[in-house]
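To be precise, the following lines are upload26.txt, and they hold compact mmCIF, C-alpha atoms and all ligand atoms.
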# COMPACT_ATOMS: atom_id res chain seq x y z
CA MET X 801 -7.06 -15.48 11.50
CA LYS X 802 -8.79 -18.70 12.32
CA PHE X 803 -5.77 -20.43 13.83
CA ARG X 804 -5.17 -17.81 16.47
CA SER X 805 -6.54 -18.42 19.92
CA LEU X 806 -7.98 -15.77 22.19
CA PHE X 807 -5.20 -16.44 24.65
CA PHE X 808 -2.69 -15.67 21.99
CA ALA X 809 -4.47 -12.47 21.02
CA LEU X 810 -4.36 -11.29 24.61
CA SER X 811 -0.73 -12.18 25.21
CA THR X 812 0.28 -10.43 21.99
CA ALA X 813 -1.56 -7.30 23.01
CA CYS X 814 0.21 -7.32 26.39
CA VAL X 815 3.67 -7.79 24.89
CA ALA X 816 3.01 -5.03 22.37
CA ALA X 817 1.79 -2.69 25.09
CA LEU X 818 4.87 -3.38 27.19
CA LEU X 819 7.25 -2.80 24.30
CA ALA X 820 5.68 0.33 22.84
CA GLY X 821 7.40 3.60 23.52
CA VAL X 822 9.95 2.39 26.07
CA PRO X 823 13.58 2.99 25.09
CA ALA X 824 15.74 -0.11 25.80
CA SER X 825 18.39 1.89 27.50
CA ALA X 826 17.69 5.51 28.29
CA GLN X 827 21.38 6.27 29.05
CA GLU X 828 22.57 5.29 25.62
CA THR X 829 19.91 7.19 23.73
CA ASN X 830 21.19 10.40 22.22
CA TYR X 831 18.81 13.35 22.31
CA ASP X 832 21.55 15.97 22.00
CA GLU X 833 21.83 17.53 18.53
CA SER X 834 25.47 18.48 19.18
CA LYS X 835 26.30 14.79 19.66
CA VAL X 836 24.88 13.63 16.34
CA PRO X 837 27.83 11.96 14.58
CA SER X 838 29.04 13.53 11.36
CA TYR X 839 27.71 11.48 8.49
CA VAL X 840 27.22 11.55 4.74
CA LEU X 841 23.64 11.28 3.56
CA PRO X 842 23.58 8.70 0.75
CA ASP X 843 22.57 10.22 -2.58
CA PRO X 844 19.61 8.31 -4.04
CA LEU X 845 20.48 9.65 -7.48
CA VAL X 846 23.68 7.58 -7.63
CA MET X 847 23.05 4.06 -8.89
CA ASN X 848 24.68 0.93 -7.48
CA ASN X 849 27.15 1.01 -10.39
CA GLY X 850 28.24 4.53 -9.37
CA LYS X 851 26.59 6.27 -12.32
CA ALA X 852 24.28 9.25 -11.85
CA VAL X 853 20.58 9.07 -12.59
CA LYS X 854 19.83 11.53 -15.38
CA SER X 855 16.16 11.12 -16.19
CA ALA X 856 12.78 10.40 -14.67
CA ARG X 857 12.57 7.28 -16.81
CA GLN X 858 15.89 5.98 -15.49
CA TRP X 859 14.69 6.69 -11.97
CA THR X 860 11.44 4.76 -12.35
CA ARG X 861 12.80 1.90 -14.46
CA LYS X 862 16.15 1.30 -12.85
CA ARG X 863 17.10 3.21 -9.73
CA ALA X 864 13.88 3.08 -7.68
CA PRO X 865 13.56 -0.75 -8.11
CA GLU X 866 17.26 -1.08 -7.23
CA ILE X 867 16.69 0.76 -3.94
CA VAL X 868 13.59 -1.31 -3.12
CA GLU X 869 15.62 -4.46 -3.75
CA THR X 870 18.35 -3.29 -1.37
CA PHE X 871 15.86 -2.57 1.41
CA ALA X 872 14.17 -5.93 0.79
CA ASP X 873 17.52 -7.73 1.04
CA GLN X 874 18.92 -5.83 4.00
CA MET X 875 16.06 -4.47 6.11
CA TYR X 876 12.44 -5.60 5.71
CA GLY X 877 12.68 -8.79 3.65
CA HIS X 878 10.93 -9.60 0.38
CA ILE X 879 7.17 -9.21 0.06
CA PRO X 880 5.59 -12.14 -1.81
CA ALA X 881 3.04 -11.76 -4.59
CA ARG X 882 -0.71 -11.66 -4.24
CA PRO X 883 -1.98 -15.14 -3.33
CA GLU X 884 -3.80 -16.99 -6.11
CA GLY X 885 -6.84 -17.82 -4.03
CA LEU X 886 -7.42 -14.23 -2.85
CA HIS X 887 -11.10 -13.30 -2.87
CA PHE X 888 -13.41 -11.03 -0.91
CA LYS X 889 -16.82 -11.37 0.74
CA LEU X 890 -19.00 -8.65 2.14
CA LEU X 891 -19.84 -9.55 5.76
CA SER X 892 -21.94 -6.54 6.72
CA LYS X 893 -23.12 -3.17 5.53
CA GLU X 894 -24.85 -0.39 7.48
CA THR X 895 -25.40 3.34 7.40
CA VAL X 896 -23.74 5.28 10.22
CA TYR X 897 -23.04 8.80 11.52
CA GLY X 898 -26.56 10.02 10.91
CA GLY X 899 -26.68 8.72 7.36
CA ILE X 900 -23.55 10.36 5.97
CA ALA X 901 -21.41 7.22 5.91
CA GLU X 902 -21.65 3.62 4.88
CA ARG X 903 -19.77 1.12 7.03
CA LYS X 904 -18.80 -2.21 5.48
CA VAL X 905 -16.86 -5.18 6.74
CA VAL X 906 -15.23 -7.16 3.96
CA ARG X 907 -13.42 -10.43 4.64
CA ALA X 908 -10.26 -10.89 2.57
CA PHE X 909 -9.90 -14.66 2.13
CA LEU X 910 -6.30 -15.40 1.36
CA ASP X 911 -6.76 -18.92 0.02
CA LYS X 912 -9.34 -20.81 -2.01
CA GLY X 913 -10.23 -23.04 0.94
CA GLU X 914 -11.04 -19.98 3.09
CA GLU X 915 -8.82 -21.14 5.92
CA HIS X 916 -7.00 -17.85 6.25
CA TRP X 917 -8.38 -14.37 6.21
CA PHE X 918 -8.34 -10.91 7.66
CA ASP X 919 -11.20 -8.43 7.89
CA ILE X 920 -11.22 -4.99 6.31
CA LEU X 921 -13.31 -2.30 7.98
CA ILE X 922 -14.41 0.32 5.47
CA HIS X 923 -16.13 3.69 5.82
CA LEU X 924 -17.41 5.42 2.69
CA PRO X 925 -19.28 8.66 2.01
CA ALA X 926 -22.93 7.62 1.57
CA GLY X 927 -24.55 8.48 -1.73
CA ALA X 928 -21.37 9.49 -3.56
CA THR X 929 -22.05 10.08 -7.25
CA LYS X 930 -18.62 8.96 -8.45
CA PRO X 931 -15.80 6.72 -7.17
CA VAL X 932 -14.07 8.34 -4.19
CA PRO X 933 -10.38 8.54 -3.24
CA ALA X 934 -9.34 6.52 -0.19
CA PHE X 935 -6.91 5.98 2.67
CA ALA X 936 -5.72 2.53 3.72
CA GLY X 937 -3.89 1.78 6.95
CA ILE X 938 -3.27 -0.99 9.46
CA ASN X 939 -4.45 -0.47 13.06
CA PHE X 940 -2.88 -1.59 16.34
CA TYR X 941 -5.72 -2.92 18.48
CA GLY X 942 -8.42 -4.39 16.25
CA ASN X 943 -11.02 -2.99 13.85
CA GLU X 944 -13.65 -2.71 16.56
CA ALA X 945 -11.28 -0.63 18.70
CA THR X 946 -11.20 2.01 15.98
CA ILE X 947 -14.98 2.46 16.35
CA THR X 948 -15.64 1.99 20.04
CA GLY X 949 -12.32 1.34 21.77
CA ARG X 950 -8.85 2.69 22.46
CA SER X 951 -8.08 3.63 18.84
CA ILE X 952 -11.08 5.92 18.28
CA GLY X 953 -8.87 9.00 18.43
CA SER X 954 -6.63 7.76 15.62
CA TRP X 955 -9.47 7.01 13.18
CA PRO X 956 -11.83 10.01 12.91
CA TYR X 957 -14.10 8.24 10.43
CA GLU X 958 -16.90 10.79 10.38
CA TYR X 959 -14.50 13.61 9.60
CA ILE X 960 -12.65 11.63 6.90
CA VAL X 961 -15.88 10.61 5.19
CA LYS X 962 -17.23 14.19 5.38
CA SER X 963 -14.08 15.25 3.56
CA GLY X 964 -15.11 12.99 0.67
CA PHE X 965 -12.72 10.10 1.32
CA CYS X 966 -13.16 6.42 1.93
CA VAL X 967 -11.00 4.90 4.68
CA ALA X 968 -10.15 1.24 5.18
CA THR X 969 -8.28 -0.50 7.94
CA ALA X 970 -7.29 -3.99 9.08
CA TRP X 971 -5.86 -5.28 12.34
CA ARG X 972 -2.12 -5.79 12.56
CA ASP X 973 -2.35 -8.95 14.69
CA GLU X 974 -4.92 -10.62 12.47
CA ILE X 975 -2.33 -10.49 9.70
CA GLU X 976 0.87 -11.11 11.63
CA PRO X 977 1.20 -10.98 15.43
CA ASP X 978 3.54 -8.27 16.66
CA ASP X 979 5.59 -10.50 18.91
CA PRO X 980 9.17 -11.72 18.51
CA LYS X 981 8.23 -15.01 20.21
CA ASN X 982 5.31 -15.76 17.93
CA THR X 983 6.62 -15.55 14.42
CA ASP X 984 4.84 -18.78 13.46
CA LYS X 985 1.24 -17.71 14.04
CA GLY X 986 0.50 -15.24 11.26
CA VAL X 987 0.46 -15.13 7.49
CA ARG X 988 4.18 -15.93 7.39
CA SER X 989 3.51 -19.33 8.95
CA TRP X 990 1.66 -20.59 5.87
CA TYR X 991 2.20 -18.24 2.96
CA ASN X 992 5.64 -18.05 1.38
CA LYS X 993 6.75 -20.24 4.28
CA GLY X 994 10.50 -20.17 4.73
CA GLY X 995 10.71 -16.81 2.97
CA ASP X 996 12.72 -14.26 4.91
CA TRP X 997 10.16 -11.49 5.36
CA GLY X 998 9.69 -9.49 8.53
CA ALA X 999 6.39 -8.54 10.15
CA ILE X 1000 6.62 -5.08 8.56
CA SER X 1001 6.60 -6.83 5.19
CA ALA X 1002 3.63 -8.97 6.23
CA TRP X 1003 1.61 -5.90 7.23
CA ALA X 1004 2.67 -4.10 4.03
CA TRP X 1005 1.59 -7.15 2.03
CA ALA X 1006 -1.86 -6.87 3.63
CA LEU X 1007 -2.07 -3.21 2.65
CA SER X 1008 -1.63 -4.28 -0.97
CA ARG X 1009 -4.45 -6.78 -0.48
CA ILE X 1010 -6.69 -3.90 0.68
CA LEU X 1011 -5.76 -2.15 -2.55
CA ASP X 1012 -6.64 -5.36 -4.43
CA TYR X 1013 -10.05 -5.14 -2.78
CA PHE X 1014 -10.48 -1.50 -3.76
CA GLU X 1015 -9.87 -2.52 -7.37
CA THR X 1016 -13.03 -4.64 -7.10
CA ASP X 1017 -15.22 -1.98 -5.44
CA PRO X 1018 -16.82 0.47 -7.90
CA ALA X 1019 -17.46 2.95 -5.07
CA VAL X 1020 -13.70 3.58 -4.73
CA ASP X 1021 -11.23 5.08 -7.18
CA ALA X 1022 -8.37 2.59 -6.80
CA SER X 1023 -6.00 4.89 -8.66
CA LYS X 1024 -6.33 7.39 -5.79
CA VAL X 1025 -5.45 5.43 -2.69
CA ALA X 1026 -3.19 6.91 -0.01
CA VAL X 1027 -1.35 4.51 2.28
CA ILE X 1028 -1.04 5.72 5.87
CA GLY X 1029 0.36 4.46 9.14
CA HIS X 1030 1.50 5.52 12.59
CA SER X 1031 4.83 4.60 14.14
CA ARG X 1032 5.71 0.94 13.39
CA LEU X 1033 2.73 0.99 11.07
CA GLY X 1034 4.11 4.20 9.54
CA LYS X 1035 7.28 2.25 8.71
CA THR X 1036 4.88 -0.29 7.24
CA ALA X 1037 3.04 2.32 5.15
CA MET X 1038 6.36 3.53 3.74
CA TRP X 1039 7.47 0.02 2.87
CA ALA X 1040 4.09 -0.69 1.24
CA GLY X 1041 4.36 2.55 -0.74
CA ALA X 1042 7.85 1.60 -1.92
CA CYS X 1043 6.89 -1.95 -2.94
CA ASP X 1044 3.49 -1.23 -4.47
CA PRO X 1045 3.51 1.64 -6.96
CA ARG X 1046 -0.29 1.48 -7.14
CA PHE X 1047 -0.43 3.52 -3.92
CA ALA X 1048 -0.92 7.07 -5.17
CA LEU X 1049 0.27 8.87 -2.03
CA VAL X 1050 2.23 7.89 1.07
CA VAL X 1051 1.77 9.21 4.63
CA SER X 1052 4.26 8.59 7.43
CA ASN X 1053 3.00 9.53 10.90
CA ASP X 1054 5.76 9.51 13.55
CA SER X 1055 7.41 6.53 11.84
CA GLY X 1056 10.91 7.21 13.24
CA CYS X 1057 13.75 4.70 12.99
CA CYS X 1058 13.46 2.53 9.86
CA GLY X 1059 10.60 4.80 8.79
CA ALA X 1060 11.22 8.41 7.79
CA ALA X 1061 14.07 9.23 10.22
CA ILE X 1062 17.64 9.37 8.95
CA SER X 1063 19.34 6.36 10.57
CA ARG X 1064 22.87 7.76 10.37
CA ARG X 1065 21.96 10.52 12.80
CA ALA X 1066 21.54 7.84 15.48
CA PHE X 1067 19.28 10.31 17.32
CA GLY X 1068 16.63 8.69 19.51
CA GLU X 1069 16.08 5.08 18.46
CA THR X 1070 19.03 3.35 16.76
CA PHE X 1071 19.56 0.17 14.72
CA GLU X 1072 21.07 -1.47 17.80
CA VAL X 1073 17.90 -0.93 19.78
CA ILE X 1074 15.31 -1.60 17.10
CA ALA X 1075 17.01 -4.76 15.77
CA SER X 1076 17.39 -6.14 19.32
CA ARG X 1077 13.90 -5.38 20.58
CA PHE X 1078 11.96 -5.96 17.38
CA PRO X 1079 13.92 -8.57 15.42
CA HIS X 1080 10.66 -9.99 14.05
CA TRP X 1081 9.94 -6.77 12.13
CA PHE X 1082 12.94 -7.29 9.85
CA CYS X 1083 14.74 -9.83 7.70
CA LYS X 1084 17.70 -11.73 9.12
CA ASN X 1085 20.31 -9.62 7.32
CA PHE X 1086 19.27 -6.54 9.23
CA GLN X 1087 20.84 -7.87 12.43
CA LYS X 1088 24.29 -7.27 11.03
CA TYR X 1089 23.74 -3.49 10.98
CA LYS X 1090 23.36 -3.14 14.75
CA GLY X 1091 25.52 -0.17 15.74
CA ARG X 1092 26.57 0.18 12.08
CA GLU X 1093 24.13 2.67 10.53
CA ASN X 1094 26.90 4.00 8.29
CA ASP X 1095 27.44 0.59 6.71
CA PHE X 1096 23.85 0.23 5.61
CA PRO X 1097 23.67 0.58 1.82
CA GLY X 1098 21.54 3.72 1.83
CA ASP X 1099 19.43 5.55 4.35
CA GLN X 1100 15.71 6.16 4.74
CA ASN X 1101 15.88 9.14 2.36
CA CYS X 1102 16.66 6.62 -0.41
CA LEU X 1103 13.61 4.55 0.49
CA ALA X 1104 11.40 7.67 0.57
CA ALA X 1105 12.80 8.78 -2.78
CA THR X 1106 11.27 5.69 -4.40
CA PHE X 1107 7.82 7.29 -3.92
CA ALA X 1108 8.66 10.04 -6.44
CA PRO X 1109 6.79 11.39 -8.31
CA ARG X 1110 3.95 10.33 -6.00
CA PRO X 1111 3.15 12.79 -3.20
CA PHE X 1112 4.62 12.00 0.23
CA TYR X 1113 3.71 13.53 3.60
CA VAL X 1114 5.82 13.18 6.74
CA ALA X 1115 4.62 14.21 10.20
CA SER X 1116 6.46 14.38 13.50
CA ALA X 1117 5.50 15.48 17.02
CA THR X 1118 7.47 17.80 19.32
CA GLU X 1119 7.51 15.38 22.25
CA ASP X 1120 8.33 12.37 20.10
CA GLN X 1121 12.12 12.73 20.15
CA TRP X 1122 12.48 8.93 20.12
CA ALA X 1123 11.36 9.13 16.45
CA ASP X 1124 13.80 11.99 15.69
CA PRO X 1125 11.59 14.75 14.23
CA LYS X 1126 14.56 16.60 12.79
CA GLY X 1127 15.80 13.43 11.07
CA GLU X 1128 12.32 12.93 9.61
CA TRP X 1129 12.30 16.49 8.28
CA ILE X 1130 15.83 16.09 6.79
CA CYS X 1131 14.57 13.01 4.99
CA ALA X 1132 11.60 14.91 3.52
CA LYS X 1133 13.77 17.88 2.62
CA SER X 1134 16.43 15.78 0.90
CA LEU X 1135 13.95 14.52 -1.71
CA THR X 1136 13.89 17.79 -3.71
CA PRO X 1137 16.34 16.72 -6.46
CA VAL X 1138 14.46 13.47 -7.02
CA TYR X 1139 11.08 15.19 -7.46
CA ALA X 1140 12.83 17.74 -9.69
CA LEU X 1141 13.53 14.91 -12.17
CA PHE X 1142 9.77 14.88 -12.70
CA GLY X 1143 9.45 18.67 -12.85
CA LYS X 1144 7.90 18.62 -9.38
CA LYS X 1145 8.64 20.63 -6.29
CA GLY X 1146 9.63 18.70 -3.16
CA LEU X 1147 9.17 20.41 0.21
CA GLY X 1148 8.09 24.04 -0.06
CA LYS X 1149 10.56 25.58 2.40
CA ASP X 1150 14.27 25.22 3.14
CA THR X 1151 14.01 25.38 6.91
CA MET X 1152 12.24 23.13 9.35
CA PRO X 1153 8.83 24.68 10.03
CA ALA X 1154 7.78 25.79 13.51
CA PRO X 1155 5.36 23.48 15.34
CA ASP X 1156 1.85 23.40 13.91
CA THR X 1157 2.71 25.23 10.68
CA PRO X 1158 2.54 22.64 7.89
CA ASP X 1159 4.72 22.99 4.82
CA MET X 1160 2.71 21.45 2.00
CA ASP X 1161 3.13 23.61 -1.08
CA GLY X 1162 5.02 20.96 -3.02
CA SER X 1163 4.70 17.24 -3.67
CA VAL X 1164 6.36 16.55 -0.31
CA GLY X 1165 4.59 17.74 2.83
CA TYR X 1166 5.80 18.03 6.43
CA HIS X 1167 4.54 19.19 9.79
CA ILE X 1168 5.63 18.87 13.37
CA ARG X 1169 2.68 18.89 15.71
CA THR X 1170 2.82 20.06 19.30
CA GLY X 1171 2.44 17.03 21.55
CA GLY X 1172 3.33 13.38 21.80
CA HIS X 1173 3.58 10.19 19.78
CA ALA X 1174 0.11 9.74 18.24
CA LEU X 1175 -2.04 9.94 15.13
CA SER X 1176 -4.35 12.85 15.95
CA ASP X 1177 -7.17 14.86 14.39
CA TYR X 1178 -4.67 17.60 13.60
CA ASP X 1179 -2.53 15.12 11.66
CA TRP X 1180 -5.57 13.88 9.71
CA GLN X 1181 -6.65 17.47 8.91
CA ASN X 1182 -3.36 18.02 7.15
CA TYR X 1183 -3.30 14.64 5.41
CA LEU X 1184 -6.78 15.28 4.05
CA ALA X 1185 -5.84 18.78 2.86
CA PHE X 1186 -2.72 17.37 1.18
CA ALA X 1187 -4.61 14.43 -0.34
CA LYS X 1188 -7.33 16.74 -1.65
CA ARG X 1189 -4.71 18.87 -3.32
CA HIS X 1190 -3.09 15.90 -5.04
CA LEU X 1191 -5.77 13.29 -5.52
CA VAL X 1192 -8.93 15.33 -6.06
CA LYS X 1193 -8.63 17.33 -9.24
C1 LIG X 1201 8.57 1.60 19.84
C2 LIG X 1201 9.61 1.40 18.77
C3 LIG X 1201 9.39 2.31 17.58
C4 LIG X 1201 7.96 2.22 17.10
C5 LIG X 1201 7.01 2.45 18.25
C6 LIG X 1201 5.53 2.28 17.90
O1 LIG X 1201 8.74 2.85 20.45
O2 LIG X 1201 10.87 1.59 19.35
O3 LIG X 1201 10.27 1.98 16.52
O4 LIG X 1201 7.74 3.13 16.04
O5 LIG X 1201 7.28 1.54 19.28
O6 LIG X 1201 5.18 1.55 16.98
O7 LIG X 1201 4.71 2.89 18.59
So that I can check it, write out the structure of this file as structure tokens.
Amino acid sequence: MKFRSLFFALSTACVAALLAGVPASAQETNYDESKVPSYVLPDPLVMNNGKAVKSARQWTRKRAPEIVETFADQMYGHIPARPEGLHFKLLSKETVYGGIAERKVVRAFLDKGEEHWFDILIHLPAGATKPVPAFAGINFYGNEATITGRSIGSWPYEYIVKSGFCVATAWRDEIEPDDPKNTDKGVRSWYNKGGDWGAISAWAWALSRILDYFETDPAVDASKVAVIGHSRLGKTAMWAGACDPRFALVVSNDSGCCGAAISRRAFGETFEVIASRFPHWFCKNFQKYKGRENDFPGDQNCLAATFAPRPFYVASATEDQWADPKGEWICAKSLTPVYALFGKKGLGKDTMPAPDTPDMDGSVGYHIRTGGHALSDYDWQNYLAFAKRHLVK
């Protein structure tokens, strides 16, 4: 955004780099399955008034919005509406990857006066004869870094476009800096000022603006947009998918605590750690749940259930214990009764699959990849296969 200085951009990047992937206190982190506390997984099919959800209609009309409201109040904060002055301008357009792809940069102006904006980097299959399905995700280090810099590995554009999909991304820090000390420099400093929304909500809000853009671009089928994200941006993709039912499919890549992992397991990252180190990601109420996962009104399986009947894919990595792969799988597995309301199958299998053997027969997909915390080609291969199955008929 215009008001951000280069100095600020650099300091934010440094803080983010220092914080990423380092447990606050290694001694207190539990990585021992036998020490997972006994807990009751909240049942998403029980409404706040204690009554059971009996139909798909009741789920969509009443229970899913009730869960979203709870997570808005207690965890991520409330996402404001689309700004009135929102409009888009094409900044550049070129053909890339030997002619198979079109690369566009579109500026999303967030106000009539064009004082605030973020840029959307888009890759499309060149010469498509009908509107294509798409992926939308926020990136960590800038749009340019996904083409020529440190994020190249996470955004295999050529491969995605060859698979028949469009892919759009925007930079996290251009929307809302990822820094607990700079909560007054991003979109939250001028839009819905005073509203209690965390940075995760701000990034999720931007994902909905990308979808707004897709609705204006005839090259894209806006009814077939998957929302994707890695790690903190995987938490963001899930929150965007819960708040914006226009997203047709949700992908969580290594999203961990406050993403796809079951909080009550307190395995790897906990509420205590995440709320202390990343208070700016959440609303104020969330602070009261430090060390009190069991008192939170629900767990991440309830949030994930709000995607039903839309397809949902969860991926973990063997060396990413901080994000609790088993907890992520339990979350995916637990969704079966909710998808059943819609006559759909959840996860295909009852047991956690071995590494590198995806389970994607149903409307919920899961894999655990060999290796560390990352969004890799292997992950994309499976997301594209899953998205083809569900979005390309
Ligand atoms: C830290 C944080 C995680 C987060 C991750 C990331 O490790 O504790 O919650 O998912 O950074 O975004 O890479």
For ligand LIG 1201 (chain X), collect every residue having any atom at a distance of at most 8 Å from a ligand atom (counting all atoms listed in the file); output as a list in words.
-> Leu819, Ala820, Gly821, Val822, Pro823, His1030, Ser1031, Arg1032, Leu1033, Gly1034, Lys1035, Asp1054, Ser1055, Gly1056, Cys1057, Cys1058, Gly1059, Glu1069, Val1073, Ile1074, Arg1077, Phe1078, Trp1122, Ala1123 and His1173 of chain X
Quick one: everything within 12 Å of segment 827-831 of chain X, counting only C-alpha atoms, minus sequence neighbours fewer than 2 positions away in the same chain. Send it as a list in words.
-> Val822, Pro823, Ala824, Ser825, Glu833, Ser834, Lys835, Val836, Pro837, Arg1065, Ala1066, Phe1067, Gly1068, Glu1069, Thr1070, Phe1071, Glu1072, Val1073, Ile1074, Gly1091, Glu1119, Asp1120, Gln1121, Trp1122, Ala1123, Asp1124, Pro1125, Lys1126 and Gly1127 of chain X
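Atom CA of Leu921 of chain X lies 11.0 Å from atom CA of Ala945 of chain X.
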For Ala1026 of chain X, work out the shell of residues within 10 Å, counting only C-alpha atoms and skipping chain neighbours fewer than 2 positions away, then give it as a PyMOL selection string.
-> chain X and resi 933-937+967+1011+1022-1024+1028+1037+1041+1046-1051+1110-1112+1183-1184+1187+1191
With all atoms listed in the file as the atoms that count, which of X:Ser1076, X:Ser1116, X:Asn992, X:Ser1052 lies nearest to Arg882 of chain X?
-> X:Asn992
Pick out the closest residue to Met847 of chain X from this set: X:Cys1131, X:Ala872, X:Cys1102, X:Met1038. Count all atoms listed in the file.
-> X:Cys1102
With 8 Å as the threshold, what does the neighbourhood of (10.8, -10.1, 6.1) contain in terms of residues, counting only C-alpha atoms? Coordinates are those of the file; answer as a PDB file with C-alpha atoms, keeping the file's coordinate frame.
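In the end it all went to part.pdb:
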ATOM      1  CA  ALA X 872      14.170  -5.930   0.790  1.00  0.00           C
ATOM      2  CA  MET X 875      16.060  -4.470   6.110  1.00  0.00           C
ATOM      3  CA  TYR X 876      12.440  -5.600   5.710  1.00  0.00           C
ATOM      4  CA  GLY X 877      12.680  -8.790   3.650  1.00  0.00           C
ATOM      5  CA  HIS X 878      10.930  -9.600   0.380  1.00  0.00           C
ATOM      6  CA  ILE X 879       7.170  -9.210   0.060  1.00  0.00           C
ATOM      7  CA  GLY X 995      10.710 -16.810   2.970  1.00  0.00           C
ATOM      8  CA  ASP X 996      12.720 -14.260   4.910  1.00  0.00           C
ATOM      9  CA  TRP X 997      10.160 -11.490   5.360  1.00  0.00           C
ATOM     10  CA  GLY X 998       9.690  -9.490   8.530  1.00  0.00           C
ATOM     11  CA  ALA X 999       6.390  -8.540  10.150  1.00  0.00           C
ATOM     12  CA  ILE X1000       6.620  -5.080   8.560  1.00  0.00           C
ATOM     13  CA  SER X1001       6.600  -6.830   5.190  1.00  0.00           C
ATOM     14  CA  ALA X1002       3.630  -8.970   6.230  1.00  0.00           C
ATOM     15  CA  HIS X1080      10.660  -9.990  14.050  1.00  0.00           C
ATOM     16  CA  TRP X1081       9.940  -6.770  12.130  1.00  0.00           C
ATOM     17  CA  PHE X1082      12.940  -7.290   9.850  1.00  0.00           C
ATOM     18  CA  CYS X1083      14.740  -9.830   7.700  1.00  0.00           C
ATOM     19  CA  LYS X1084      17.700 -11.730   9.120  1.00  0.00           C
TER      20      LYS X1084
END
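Using all atoms listed in the file, the smallest distance between any of X:Val932, X:Ala864, X:Val1025, X:Val846 and Asp1012 of chain X comes from X:Val1025.
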